[in-house]
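input_39.cif, holding mmCIF, C-alpha atoms and all ligand atoms:
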```cif
data_coords
#
loop_
_atom_site.label_atom_id
_atom_site.label_comp_id
_atom_site.auth_asym_id
_atom_site.auth_seq_id
_atom_site.Cartn_x
_atom_site.Cartn_y
_atom_site.Cartn_z
CA MET A 46 -6.16 -14.99 18.81
CA THR A 47 -9.74 -13.88 18.82
CA ASP A 48 -8.84 -10.27 19.61
CA LYS A 49 -7.42 -9.51 16.16
CA THR A 50 -9.25 -6.45 14.81
CA ILE A 51 -10.03 -8.01 11.42
CA LEU A 52 -11.62 -11.07 13.06
CA ARG A 53 -13.63 -8.87 15.42
CA ALA A 54 -15.04 -6.81 12.54
CA LEU A 55 -15.81 -10.00 10.60
CA ARG A 56 -17.81 -11.23 13.58
CA GLY A 57 -19.89 -8.06 13.32
CA GLU A 58 -18.24 -5.81 15.88
CA VAL A 59 -18.30 -2.08 15.18
CA LEU A 60 -14.81 -0.78 16.02
CA PRO A 61 -13.92 2.86 16.69
CA THR A 62 -11.27 2.67 13.94
CA PRO A 63 -11.78 0.26 11.03
CA PRO A 64 -9.01 -2.30 10.49
CA VAL A 65 -7.25 -1.80 7.17
CA TRP A 66 -5.55 -3.81 4.46
CA MET A 67 -5.22 -3.27 0.74
CA MET A 68 -5.80 -5.44 -2.33
CA ARG A 69 -2.44 -6.02 -4.10
CA GLN A 70 -0.66 -4.55 -1.07
CA ALA A 71 2.35 -6.69 -2.02
CA GLY A 72 2.96 -5.36 -5.50
CA ARG A 73 4.91 -3.42 -8.05
CA TYR A 74 4.39 0.02 -6.43
CA LEU A 75 6.87 -1.14 -3.72
CA PRO A 76 10.61 -1.08 -4.60
CA GLU A 77 11.25 -3.98 -2.22
CA TYR A 78 8.63 -6.07 -4.10
CA ARG A 79 10.32 -5.32 -7.43
CA ALA A 80 13.68 -6.36 -5.99
CA THR A 81 12.36 -9.70 -4.66
CA ARG A 82 10.50 -10.37 -7.91
CA ALA A 83 13.76 -9.81 -9.82
CA GLU A 84 15.50 -12.23 -7.45
CA ALA A 85 12.80 -14.85 -8.15
CA GLY A 86 13.10 -14.31 -11.91
CA ASP A 87 9.47 -13.75 -12.84
CA PHE A 88 6.01 -13.50 -11.31
CA LEU A 89 5.10 -17.21 -11.42
CA SER A 90 8.49 -18.25 -10.02
CA LEU A 91 7.83 -15.82 -7.18
CA CYS A 92 4.39 -17.37 -6.52
CA TYR A 93 5.88 -20.89 -6.34
CA ASN A 94 8.86 -19.94 -4.14
CA PRO A 95 7.53 -20.17 -0.56
CA GLU A 96 10.39 -18.22 1.07
CA LEU A 97 10.19 -15.35 -1.41
CA ALA A 98 6.38 -15.35 -1.63
CA ALA A 99 6.26 -15.11 2.18
CA GLU A 100 8.86 -12.32 2.03
CA VAL A 101 6.78 -10.16 -0.35
CA THR A 102 3.64 -10.85 1.71
CA LEU A 103 5.47 -9.53 4.78
CA GLN A 104 6.93 -6.42 3.10
CA PRO A 105 3.80 -4.22 3.30
CA ILE A 106 3.17 -5.46 6.86
CA ARG A 107 6.63 -4.27 7.93
CA ARG A 108 6.35 -0.99 6.06
CA TYR A 109 2.80 -0.01 7.04
CA GLY A 110 1.52 -2.32 9.81
CA PHE A 111 -1.61 -3.37 7.92
CA ASP A 112 -4.11 -5.33 10.03
CA ALA A 113 -4.16 -8.21 7.54
CA ALA A 114 -1.72 -9.91 5.20
CA ILE A 115 -3.00 -11.64 2.07
CA LEU A 116 -1.17 -14.71 0.86
CA PHE A 117 0.95 -13.85 -2.19
CA ALA A 118 -0.25 -16.07 -5.05
CA ASP A 119 -2.66 -15.70 -7.97
CA ILE A 120 -6.16 -16.87 -8.86
CA LEU A 121 -4.78 -18.50 -12.04
CA LEU A 122 -2.59 -21.01 -10.20
CA LEU A 123 -5.61 -23.29 -9.70
CA PRO A 124 -6.24 -23.73 -13.46
CA GLN A 125 -2.53 -24.40 -13.84
CA ALA A 126 -2.84 -27.12 -11.18
CA LEU A 127 -5.77 -28.55 -13.17
CA GLY A 128 -3.42 -28.96 -16.13
CA VAL A 129 -3.73 -25.73 -18.11
CA ASP A 130 -0.57 -24.06 -19.51
CA LEU A 131 -0.14 -20.61 -17.94
CA TRP A 132 2.34 -17.84 -18.60
CA PHE A 133 2.47 -14.05 -18.21
CA GLU A 134 3.30 -11.75 -21.12
CA THR A 135 5.31 -8.80 -19.82
CA GLY A 136 3.21 -5.65 -19.82
CA GLU A 137 0.13 -7.52 -21.05
CA GLY A 138 -1.03 -10.05 -18.47
CA PRO A 139 -1.90 -13.73 -18.26
CA ARG A 140 -2.06 -16.18 -21.18
CA MET A 141 -3.37 -19.76 -20.93
CA SER A 142 -4.22 -22.75 -23.08
CA THR A 143 -7.99 -22.68 -23.57
CA VAL A 144 -10.75 -25.01 -22.38
CA THR A 145 -13.79 -24.76 -24.65
CA THR A 146 -14.66 -28.33 -25.72
CA PRO A 147 -15.95 -31.43 -23.89
CA ALA A 148 -12.62 -33.15 -24.68
CA GLU A 149 -10.56 -30.29 -23.24
CA LEU A 150 -12.72 -30.27 -20.11
CA ALA A 151 -12.39 -34.05 -19.75
CA ALA A 152 -8.59 -33.77 -20.10
CA LEU A 153 -8.28 -31.59 -16.98
CA LYS A 154 -7.19 -33.16 -13.71
CA GLY A 155 -9.66 -33.94 -10.94
CA LYS A 156 -10.31 -31.86 -7.84
CA ASP A 157 -8.08 -34.05 -5.67
CA ASP A 158 -5.11 -33.98 -8.05
CA ILE A 159 -4.19 -30.30 -7.67
CA HIS A 160 -2.07 -30.44 -4.53
CA ASP A 161 1.25 -31.51 -6.07
CA THR A 162 1.33 -28.26 -8.04
CA LEU A 163 -0.10 -26.15 -5.23
CA SER A 164 1.92 -27.52 -2.29
CA PRO A 165 4.40 -24.58 -2.41
CA ILE A 166 1.44 -22.25 -1.83
CA TYR A 167 0.47 -24.18 1.31
CA GLU A 168 4.10 -23.91 2.46
CA THR A 169 3.95 -20.11 1.98
CA VAL A 170 0.88 -20.07 4.24
CA ARG A 171 2.69 -22.14 6.88
CA ILE A 172 5.70 -19.79 6.85
CA LEU A 173 3.42 -16.77 7.15
CA SER A 174 1.41 -18.15 10.02
CA ARG A 175 4.71 -18.52 11.91
CA GLU A 176 6.23 -15.19 10.93
CA LEU A 177 3.38 -12.67 10.93
CA PRO A 178 3.03 -10.35 13.93
CA LYS A 179 0.49 -11.79 16.37
CA GLU A 180 -2.01 -8.98 15.72
CA THR A 181 -1.99 -9.48 11.93
CA THR A 182 -4.67 -11.67 10.33
CA LEU A 183 -3.66 -14.01 7.48
CA ILE A 184 -6.06 -14.07 4.53
CA GLY A 185 -6.04 -16.93 2.02
CA PHE A 186 -7.91 -16.66 -1.27
CA ALA A 187 -9.04 -18.11 -4.56
CA GLY A 188 -10.79 -16.80 -7.63
CA ALA A 189 -14.52 -17.45 -7.95
CA PRO A 190 -15.38 -20.13 -10.53
CA TRP A 191 -16.92 -17.68 -13.03
CA THR A 192 -13.93 -15.30 -13.01
CA VAL A 193 -11.40 -18.14 -13.29
CA ALA A 194 -13.50 -19.73 -16.08
CA THR A 195 -13.47 -16.46 -18.07
CA TYR A 196 -9.65 -16.70 -18.29
CA MET A 197 -9.66 -20.44 -19.03
CA ILE A 198 -12.19 -20.11 -21.84
CA ALA A 199 -10.60 -17.06 -23.49
CA GLY A 200 -6.98 -17.98 -22.74
CA ARG A 201 -6.42 -14.43 -21.49
CA GLY A 202 -8.11 -11.47 -19.83
CA THR A 203 -11.01 -9.96 -21.79
CA LYS A 204 -12.88 -6.67 -21.43
CA ASP A 205 -16.40 -8.07 -21.71
CA GLN A 206 -15.81 -11.80 -20.99
CA GLY A 207 -17.25 -12.43 -24.48
CA PRO A 208 -15.77 -15.92 -25.05
CA ALA A 209 -17.13 -17.18 -21.71
CA HIS A 210 -20.59 -15.78 -22.41
CA ALA A 211 -20.44 -17.35 -25.89
CA LEU A 212 -19.58 -20.81 -24.52
CA LYS A 213 -22.33 -20.48 -21.91
CA ALA A 214 -24.81 -19.87 -24.76
CA ALA A 215 -23.42 -22.43 -27.23
CA ASP A 216 -22.51 -25.41 -25.01
CA ARG A 217 -24.17 -25.08 -21.63
CA ALA A 218 -23.07 -28.55 -20.49
CA THR A 219 -19.36 -27.92 -21.03
CA PHE A 220 -19.60 -24.47 -19.47
CA ALA A 221 -21.51 -25.77 -16.43
CA GLY A 222 -19.09 -28.71 -16.14
CA LEU A 223 -16.15 -26.31 -16.00
CA ILE A 224 -17.89 -24.19 -13.33
CA ASP A 225 -18.59 -27.35 -11.35
CA LEU A 226 -14.97 -28.57 -11.54
CA LEU A 227 -13.74 -25.13 -10.46
CA THR A 228 -16.22 -25.06 -7.58
CA THR A 229 -15.19 -28.45 -6.19
CA SER A 230 -11.45 -27.92 -6.73
CA THR A 231 -11.62 -24.44 -5.16
CA ILE A 232 -13.10 -26.06 -2.04
CA GLU A 233 -10.12 -28.46 -1.86
CA TYR A 234 -7.60 -25.67 -2.57
CA LEU A 235 -9.03 -23.36 0.10
CA SER A 236 -9.34 -26.18 2.63
CA LYS A 237 -5.58 -26.81 2.34
CA GLN A 238 -4.91 -23.10 2.84
CA VAL A 239 -6.99 -23.13 6.03
CA GLU A 240 -5.26 -26.28 7.30
CA ALA A 241 -1.92 -24.54 6.66
CA GLY A 242 -2.94 -21.49 8.73
CA ALA A 243 -5.13 -19.09 6.72
CA GLU A 244 -7.54 -17.46 9.20
CA VAL A 245 -9.89 -15.80 6.72
CA ILE A 246 -10.75 -16.70 3.13
CA LYS A 247 -11.55 -14.25 0.35
CA ILE A 248 -13.21 -15.24 -2.93
CA PHE A 249 -12.45 -12.88 -5.83
CA ASP A 250 -15.19 -12.67 -8.47
CA SER A 251 -13.68 -9.82 -10.45
CA TRP A 252 -16.03 -10.27 -13.43
CA ALA A 253 -19.27 -10.96 -11.50
CA GLY A 254 -20.64 -7.69 -12.89
CA SER A 255 -20.97 -9.11 -16.40
CA LEU A 256 -23.40 -11.81 -15.24
CA LYS A 257 -26.98 -10.58 -15.48
CA GLY A 258 -30.30 -11.86 -14.14
CA GLN A 259 -30.53 -15.62 -13.68
CA ASP A 260 -26.91 -16.01 -14.85
CA PHE A 261 -25.80 -13.99 -11.82
CA GLU A 262 -27.78 -16.31 -9.54
CA ASP A 263 -26.50 -19.48 -11.24
CA PHE A 264 -22.83 -18.60 -11.79
CA ALA A 265 -21.94 -15.92 -9.18
CA VAL A 266 -24.27 -16.65 -6.24
CA GLU A 267 -24.60 -20.45 -6.44
CA PRO A 268 -20.88 -21.39 -6.75
CA ALA A 269 -20.05 -18.98 -3.90
CA ARG A 270 -22.83 -20.48 -1.80
CA ARG A 271 -21.54 -24.02 -2.40
CA ILE A 272 -17.92 -23.11 -1.62
CA ILE A 273 -18.86 -21.21 1.54
CA ALA A 274 -21.28 -23.87 2.80
CA GLU A 275 -18.70 -26.64 2.40
CA LEU A 276 -15.83 -24.62 3.92
CA LYS A 277 -17.99 -23.69 6.91
CA ALA A 278 -19.02 -27.33 7.33
CA ARG A 279 -15.35 -28.35 7.38
CA PHE A 280 -14.11 -25.37 9.41
CA PRO A 281 -16.91 -24.05 11.65
CA GLY A 282 -16.59 -20.33 12.31
CA LEU A 283 -14.19 -19.68 9.39
CA PRO A 284 -14.82 -16.08 8.26
CA ILE A 285 -15.26 -15.59 4.51
CA ILE A 286 -15.16 -12.41 2.42
CA ALA A 287 -16.88 -12.45 -0.98
CA PHE A 288 -16.05 -9.92 -3.72
CA PRO A 289 -18.64 -9.96 -6.50
CA ARG A 290 -17.01 -6.97 -8.21
CA GLU A 291 -19.32 -4.54 -10.03
CA ALA A 292 -22.37 -6.58 -9.02
CA GLY A 293 -24.34 -3.33 -8.51
CA GLU A 294 -27.82 -4.28 -7.32
CA GLY A 295 -26.47 -7.84 -7.05
CA TYR A 296 -24.60 -6.74 -3.92
CA ILE A 297 -27.94 -6.47 -2.13
CA GLY A 298 -28.57 -9.70 -0.22
CA PHE A 299 -25.34 -11.33 -1.51
CA ALA A 300 -24.12 -12.13 2.02
CA LYS A 301 -27.43 -13.71 3.00
CA LYS A 302 -27.70 -15.75 -0.19
CA THR A 303 -24.13 -17.08 -0.07
CA GLY A 304 -23.40 -17.22 3.66
CA ALA A 305 -20.44 -14.81 3.33
CA ASP A 306 -19.50 -12.92 6.51
CA CYS A 307 -18.41 -9.85 4.59
CA VAL A 308 -18.99 -8.43 1.13
CA ALA A 309 -16.24 -6.40 -0.53
CA ILE A 310 -17.43 -3.32 -2.39
CA ASP A 311 -15.84 -1.87 -5.56
CA ASN A 312 -15.87 1.74 -6.79
CA SER A 313 -18.89 1.53 -9.06
CA VAL A 314 -21.15 2.16 -6.05
CA SER A 315 -20.80 4.83 -3.36
CA ALA A 316 -19.91 4.03 0.24
CA GLU A 317 -23.14 5.76 1.22
CA TRP A 318 -25.20 3.40 -0.97
CA ALA A 319 -23.30 0.33 0.22
CA ALA A 320 -23.77 1.32 3.87
CA ALA A 321 -27.53 1.59 3.39
CA ASN A 322 -28.02 -1.47 1.19
CA VAL A 323 -25.27 -3.97 2.00
CA GLN A 324 -23.85 -3.15 5.43
CA LYS A 325 -27.33 -3.50 6.92
CA ASP A 326 -26.76 -7.29 6.58
CA GLY A 327 -23.27 -7.36 8.12
CA CYS A 328 -19.62 -6.52 7.58
CA VAL A 329 -18.50 -4.77 4.41
CA GLN A 330 -15.04 -4.14 2.99
CA GLY A 331 -14.04 -1.15 0.87
CA ASN A 332 -14.04 1.05 -1.02
CA LEU A 333 -11.56 3.92 -1.48
CA ASP A 334 -10.84 4.55 -5.16
CA PRO A 335 -7.32 3.18 -5.87
CA ARG A 336 -6.58 6.26 -8.02
CA HIS A 337 -6.10 8.23 -4.79
CA MET A 338 -2.98 6.12 -4.20
CA VAL A 339 -1.55 7.75 -7.34
CA THR A 340 -2.82 11.30 -6.86
CA GLY A 341 -2.62 11.73 -3.06
CA GLY A 342 -2.92 15.09 -1.25
CA GLN A 343 -6.00 16.60 0.37
CA PRO A 344 -8.43 14.74 -1.96
CA LEU A 345 -6.99 11.45 -0.64
CA ILE A 346 -7.48 12.61 2.97
CA ASP A 347 -11.04 13.80 2.28
CA ALA A 348 -12.03 10.62 0.42
CA THR A 349 -10.52 8.38 3.12
CA ARG A 350 -12.45 10.23 5.84
CA GLU A 351 -15.62 9.96 3.77
CA VAL A 352 -15.30 6.16 3.43
CA VAL A 353 -14.62 5.81 7.17
CA ARG A 354 -17.58 8.05 8.02
CA ALA A 355 -20.03 6.40 5.61
CA PHE A 356 -19.35 2.93 7.06
CA SER A 357 -18.88 4.00 10.70
CA LYS A 358 -22.25 2.72 11.95
CA GLY A 359 -21.60 -0.92 11.13
CA PRO A 360 -18.79 -3.50 10.88
CA HIS A 361 -16.22 -2.39 8.29
CA LEU A 362 -12.84 -3.41 6.91
CA PHE A 363 -11.20 -0.43 5.23
CA ASN A 364 -9.79 -1.30 1.78
CA LEU A 365 -9.60 -0.01 -1.76
CA GLY A 366 -12.35 -0.76 -4.27
CA HIS A 367 -9.82 -2.70 -6.38
CA GLY A 368 -6.09 -3.44 -6.32
CA ILE A 369 -3.48 -0.71 -5.89
CA THR A 370 -1.81 0.03 -9.23
CA PRO A 371 1.94 -0.10 -10.04
CA ASP A 372 2.08 3.71 -10.54
CA ALA A 373 0.92 4.40 -6.93
CA ASP A 374 3.18 6.40 -4.60
CA PRO A 375 4.07 4.43 -1.42
CA GLU A 376 3.83 7.73 0.54
CA ASN A 377 0.12 7.94 -0.29
CA VAL A 378 -0.50 4.55 1.32
CA ALA A 379 1.11 5.86 4.52
CA LEU A 380 -1.08 8.97 4.34
CA MET A 381 -4.23 6.85 3.92
CA ILE A 382 -3.38 4.72 6.97
CA GLU A 383 -2.49 7.74 9.08
CA THR A 384 -5.81 9.36 8.13
CA ILE A 385 -7.77 6.23 9.07
CA ARG A 386 -5.98 5.73 12.38
CA LYS A 387 -5.65 9.36 13.51
CA GLY A 388 -8.89 10.66 12.02
C1 LIG B 401 -8.25 -11.23 -12.07
C2 LIG B 401 -7.21 -11.59 -11.02
C3 LIG B 401 -5.91 -12.11 -11.26
N1 LIG B 401 -5.31 -12.27 -10.04
C4 LIG B 401 -6.16 -11.87 -9.04
C5 LIG B 401 -7.37 -11.47 -9.63
C6 LIG B 401 -8.60 -11.04 -8.89
C7 LIG B 401 -8.50 -9.67 -8.34
C8 LIG B 401 -8.49 -8.59 -9.38
O1 LIG B 401 -9.49 -8.38 -10.05
O2 LIG B 401 -7.42 -7.94 -9.48
C9 LIG B 401 -5.94 -11.91 -7.59
C10 LIG B 401 -4.58 -11.68 -7.07
N2 LIG B 401 -3.42 -11.46 -7.74
C11 LIG B 401 -2.40 -11.29 -6.85
C12 LIG B 401 -2.93 -11.50 -5.55
C13 LIG B 401 -2.07 -11.58 -4.31
C14 LIG B 401 -2.60 -10.92 -3.13
C15 LIG B 401 -2.70 -9.41 -3.21
O3 LIG B 401 -1.64 -8.75 -3.16
O4 LIG B 401 -3.83 -8.90 -3.24
C16 LIG B 401 -4.29 -11.69 -5.68
C17 LIG B 401 -5.36 -11.87 -4.61
C18 LIG B 401 -0.99 -11.02 -7.16
C19 LIG B 401 -0.66 -10.51 -8.50
N3 LIG B 401 -1.12 -10.97 -9.71
C20 LIG B 401 -0.49 -10.31 -10.72
C21 LIG B 401 0.43 -9.38 -10.15
C22 LIG B 401 1.39 -8.51 -10.92
C23 LIG B 401 2.51 -9.41 -11.29
C24 LIG B 401 3.83 -8.76 -11.46
O5 LIG B 401 4.57 -8.63 -10.47
O6 LIG B 401 4.15 -8.45 -12.61
C25 LIG B 401 0.33 -9.52 -8.76
C26 LIG B 401 1.13 -8.79 -7.72
C27 LIG B 401 -0.69 -10.57 -12.18
C28 LIG B 401 -2.05 -10.80 -12.67
N4 LIG B 401 -2.91 -11.73 -12.17
C29 LIG B 401 -4.12 -11.65 -12.85
C30 LIG B 401 -4.00 -10.65 -13.82
C31 LIG B 401 -5.11 -10.22 -14.77
C32 LIG B 401 -2.71 -10.14 -13.73
C33 LIG B 401 -2.08 -9.14 -14.64
C34 LIG B 401 -2.51 -7.75 -14.32
C35 LIG B 401 -1.49 -7.10 -13.47
O7 LIG B 401 -0.30 -7.16 -13.86
O8 LIG B 401 -1.85 -6.49 -12.45
C36 LIG B 401 -5.29 -12.49 -12.56
#
```
Go ahead and render the structure in this file as structure tokens.
Amino acid sequence: MTDKTILRALRGEVLPTPPVWMMRQAGRYLPEYRATRAEAGDFLSLCYNPELAAEVTLQPIRRYGFDAAILFADILLLPQALGVDLWFETGEGPRMSTVTTPAELAALKGKDDIHDTLSPIYETVRILSRELPKETTLIGFAGAPWTVATYMIAGRGTKDQGPAHALKAADRATFAGLIDLLTTSTIEYLSKQVEAGAEVIKIFDSWAGSLKGQDFEDFAVEPARRIIAELKARFPGLPIIAFPREAGEGYIGFAKKTGADCVAIDNSVSAEWAAANVQKDGCVQGNLDPRHMVTGGQPLIDATREVVRAFSKGPHLFNLGHGITPDADPENVALMIETIRKG
């Protein structure tokens, strides 16, 4: 189905109306998501239940008619498949057993031993590729090695990624070994998603912004380049979106350096700046501030129009600059889509 709007924009076409989807579009702001999550028991049980994970992926498509659906899963399932203990503390976020020593790194599974754990995720993709409307594009994803490593090293989310930076300074070999294992296993994980029916891949590097100078080149650019090069060798023409969040100046040239077809933009830079500096190299995704999904009204309409206008001269996927938050009002999502589609 080469006429899907998302695929056309990813090939560089400038469309009169940008296609739209939303990070975390299947999430706690939707009552139907909360009901299915309760049925599953908890978040991880939902991720590993293909029928219910496909159901929550489809909910925002039914409600809003987004142009893309993103597989419902999490970037931390890959470390779990590598042998790490993972759980979610209610109201706090993820917790994991840590990997900070050569012995702990050596104890992890190999890149080809992840599929037993992750096979339910591939089944979710297969269900979705059967059940999605024919005009809707299915996006698979993984975390970027650096971002996933920050959670594995700290055992939890951190504000400044301090523990990961500390390991990088103290034991470069272990740190680089972990990045390498994540790079090669991410390639295998994403390949299985594509074989199961994912049409586009997105790589989330949520903490790319804390890598500076040569570290940014070595641990944000280089792993993304390796993953993208290998995926494109295996699946010629596969479109890939990279999200080096808060990369700032690092956004400039990121698509060229990594081979990504599209770079997702966060809210720390303006749409105007991103159009001039990033969209000149190809498709961009972004970047309405997710707070508008909470506050709504005329400011939401004005900001939506401004994002559409700023990116209107080049290929663009409309999205938020980060995930929609649980306190968002579902009505505001409808208003955003109506504003994009009706002008
Ligand atoms: C850092 C990161 C994670 N997960 C992810 C990232 C990168 C993107 C980003 O920066 O947000 C990516 C992710 N997480 C989730 C998806 C599914 C697709 C989507 O809807 O976008 C995707 C692509 C579901 C989720 N992942 C999570 C939820 C909320 C779980 C719930 O229902 O309680 C969802 C819908 C949980 C999660 N998962 C993670 C954290 C830190 C948390 C807790 C914070 C929170 O509660 O929002 C790790």
Quiz prompt | All residues 10 Å or closer to range 291-303 of chain A, all atoms listed in the file, same chain fewer than 6 positions away omitted, as a ChimeraX atom specification | solution = /A:250-258,261-262,265-274,285,309-314,319,321-329,366
_List as a ChimeraX atom specification the protein and nucleic acid residues near Lys213 in chain A, meaning an atom at most 12 Å away when all atoms listed in the file are counted, but skip any in the same chain fewer than 3 places from it._
/A:145-146,191,194-195,198,206-210,216-224,256,260,263-264
Residues of chain A within 8 Å of ligand LIG 401 (chain B): nearest atom pair and distance (Å, one decimal) for each, counting only C-alpha atoms and all ligand atoms, sorted by chain and number, as JSON lines?
```
{"residue": "A:Met67", "atom": "CA", "partner": "B:LIG401", "partner_atom": "O4", "distance": 7.0}
{"residue": "A:Met68", "atom": "CA", "partner": "B:LIG401", "partner_atom": "O4", "distance": 4.1}
{"residue": "A:Arg69", "atom": "CA", "partner": "B:LIG401", "partner_atom": "O3", "distance": 3.0}
{"residue": "A:Gln70", "atom": "CA", "partner": "B:LIG401", "partner_atom": "O3", "distance": 4.8}
{"residue": "A:Ala71", "atom": "CA", "partner": "B:LIG401", "partner_atom": "O3", "distance": 4.6}
{"residue": "A:Gly72", "atom": "CA", "partner": "B:LIG401", "partner_atom": "C26", "distance": 4.5}
{"residue": "A:Arg73", "atom": "CA", "partner": "B:LIG401", "partner_atom": "O5", "distance": 5.8}
{"residue": "A:Tyr78", "atom": "CA", "partner": "B:LIG401", "partner_atom": "O5", "distance": 8.0}
{"residue": "A:Arg79", "atom": "CA", "partner": "B:LIG401", "partner_atom": "O5", "distance": 7.3}
{"residue": "A:Arg82", "atom": "CA", "partner": "B:LIG401", "partner_atom": "O5", "distance": 6.7}
{"residue": "A:Asp87", "atom": "CA", "partner": "B:LIG401", "partner_atom": "O5", "distance": 7.5}
{"residue": "A:Phe88", "atom": "CA", "partner": "B:LIG401", "partner_atom": "O5", "distance": 5.1}
{"residue": "A:Thr102", "atom": "CA", "partner": "B:LIG401", "partner_atom": "O3", "distance": 7.5}
{"residue": "A:Ile115", "atom": "CA", "partner": "B:LIG401", "partner_atom": "C14", "distance": 5.3}
{"residue": "A:Leu116", "atom": "CA", "partner": "B:LIG401", "partner_atom": "C14", "distance": 5.7}
{"residue": "A:Phe117", "atom": "CA", "partner": "B:LIG401", "partner_atom": "C13", "distance": 4.3}
{"residue": "A:Ala118", "atom": "CA", "partner": "B:LIG401", "partner_atom": "C13", "distance": 4.9}
{"residue": "A:Asp119", "atom": "CA", "partner": "B:LIG401", "partner_atom": "N2", "distance": 4.3}
{"residue": "A:Ile120", "atom": "CA", "partner": "B:LIG401", "partner_atom": "N1", "distance": 4.8}
{"residue": "A:Leu121", "atom": "CA", "partner": "B:LIG401", "partner_atom": "C36", "distance": 6.1}
{"residue": "A:Phe133", "atom": "CA", "partner": "B:LIG401", "partner_atom": "C33", "distance": 7.6}
{"residue": "A:Thr135", "atom": "CA", "partner": "B:LIG401", "partner_atom": "O6", "distance": 7.3}
{"residue": "A:Gly136", "atom": "CA", "partner": "B:LIG401", "partner_atom": "O7", "distance": 7.1}
{"residue": "A:Glu137", "atom": "CA", "partner": "B:LIG401", "partner_atom": "C33", "distance": 7.0}
{"residue": "A:Gly138", "atom": "CA", "partner": "B:LIG401", "partner_atom": "C33", "distance": 4.1}
{"residue": "A:Pro139", "atom": "CA", "partner": "B:LIG401", "partner_atom": "C30", "distance": 5.8}
{"residue": "A:Phe186", "atom": "CA", "partner": "B:LIG401", "partner_atom": "C17", "distance": 6.4}
{"residue": "A:Ala187", "atom": "CA", "partner": "B:LIG401", "partner_atom": "C17", "distance": 7.2}
{"residue": "A:Gly188", "atom": "CA", "partner": "B:LIG401", "partner_atom": "C6", "distance": 6.3}
{"residue": "A:Thr192", "atom": "CA", "partner": "B:LIG401", "partner_atom": "C1", "distance": 7.1}
{"residue": "A:Val193", "atom": "CA", "partner": "B:LIG401", "partner_atom": "C1", "distance": 7.7}
{"residue": "A:Gly202", "atom": "CA", "partner": "B:LIG401", "partner_atom": "C31", "distance": 6.0}
{"residue": "A:Phe249", "atom": "CA", "partner": "B:LIG401", "partner_atom": "C6", "distance": 5.3}
{"residue": "A:Asp250", "atom": "CA", "partner": "B:LIG401", "partner_atom": "C6", "distance": 6.8}
{"residue": "A:Ser251", "atom": "CA", "partner": "B:LIG401", "partner_atom": "O1", "distance": 4.4}
{"residue": "A:Trp252", "atom": "CA", "partner": "B:LIG401", "partner_atom": "O1", "distance": 7.6}
{"residue": "A:Arg290", "atom": "CA", "partner": "B:LIG401", "partner_atom": "O1", "distance": 7.9}
{"residue": "A:His367", "atom": "CA", "partner": "B:LIG401", "partner_atom": "O2", "distance": 6.5}
{"residue": "A:Gly368", "atom": "CA", "partner": "B:LIG401", "partner_atom": "O2", "distance": 5.7}
{"residue": "A:Thr370", "atom": "CA", "partner": "B:LIG401", "partner_atom": "O8", "distance": 7.3}
{"residue": "A:Pro371", "atom": "CA", "partner": "B:LIG401", "partner_atom": "O8", "distance": 7.8}
```
Write the residues you've just listed into a file as a CSV table (one decimal), keeping the file's coordinate frame, and include C-alpha atoms for each of them.
```
chain,number,residue,atom,x,y,z
A,67,MET,CA,-5.2,-3.3,0.7
A,68,MET,CA,-5.8,-5.4,-2.3
A,69,ARG,CA,-2.4,-6.0,-4.1
A,70,GLN,CA,-0.7,-4.6,-1.1
A,71,ALA,CA,2.4,-6.7,-2.0
A,72,GLY,CA,3.0,-5.4,-5.5
A,73,ARG,CA,4.9,-3.4,-8.0
A,78,TYR,CA,8.6,-6.1,-4.1
A,79,ARG,CA,10.3,-5.3,-7.4
A,82,ARG,CA,10.5,-10.4,-7.9
A,87,ASP,CA,9.5,-13.8,-12.8
A,88,PHE,CA,6.0,-13.5,-11.3
A,102,THR,CA,3.6,-10.8,1.7
A,115,ILE,CA,-3.0,-11.6,2.1
A,116,LEU,CA,-1.2,-14.7,0.9
A,117,PHE,CA,1.0,-13.8,-2.2
A,118,ALA,CA,-0.2,-16.1,-5.0
A,119,ASP,CA,-2.7,-15.7,-8.0
A,120,ILE,CA,-6.2,-16.9,-8.9
A,121,LEU,CA,-4.8,-18.5,-12.0
A,133,PHE,CA,2.5,-14.0,-18.2
A,135,THR,CA,5.3,-8.8,-19.8
A,136,GLY,CA,3.2,-5.6,-19.8
A,137,GLU,CA,0.1,-7.5,-21.0
A,138,GLY,CA,-1.0,-10.0,-18.5
A,139,PRO,CA,-1.9,-13.7,-18.3
A,186,PHE,CA,-7.9,-16.7,-1.3
A,187,ALA,CA,-9.0,-18.1,-4.6
A,188,GLY,CA,-10.8,-16.8,-7.6
A,192,THR,CA,-13.9,-15.3,-13.0
A,193,VAL,CA,-11.4,-18.1,-13.3
A,202,GLY,CA,-8.1,-11.5,-19.8
A,249,PHE,CA,-12.4,-12.9,-5.8
A,250,ASP,CA,-15.2,-12.7,-8.5
A,251,SER,CA,-13.7,-9.8,-10.4
A,252,TRP,CA,-16.0,-10.3,-13.4
A,290,ARG,CA,-17.0,-7.0,-8.2
A,367,HIS,CA,-9.8,-2.7,-6.4
A,368,GLY,CA,-6.1,-3.4,-6.3
A,370,THR,CA,-1.8,0.0,-9.2
A,371,PRO,CA,1.9,-0.1,-10.0
```
Checklist entry - With all atoms listed in the file as the basis for distance, which of A:Ile369, A:Leu283, A:Val65, A:Ile159 is at the shortest distance from Gln330 in chain A? => result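 Of the candidates, the smallest distance to Gln330 in chain A is held by A:Val65.
You can rank A:Cys307, A:Arg386, A:Tyr74, A:Ala355 by their closest distance to Val339 in chain A using all atoms listed in the file, and at the top of that list sits A:Tyr74.
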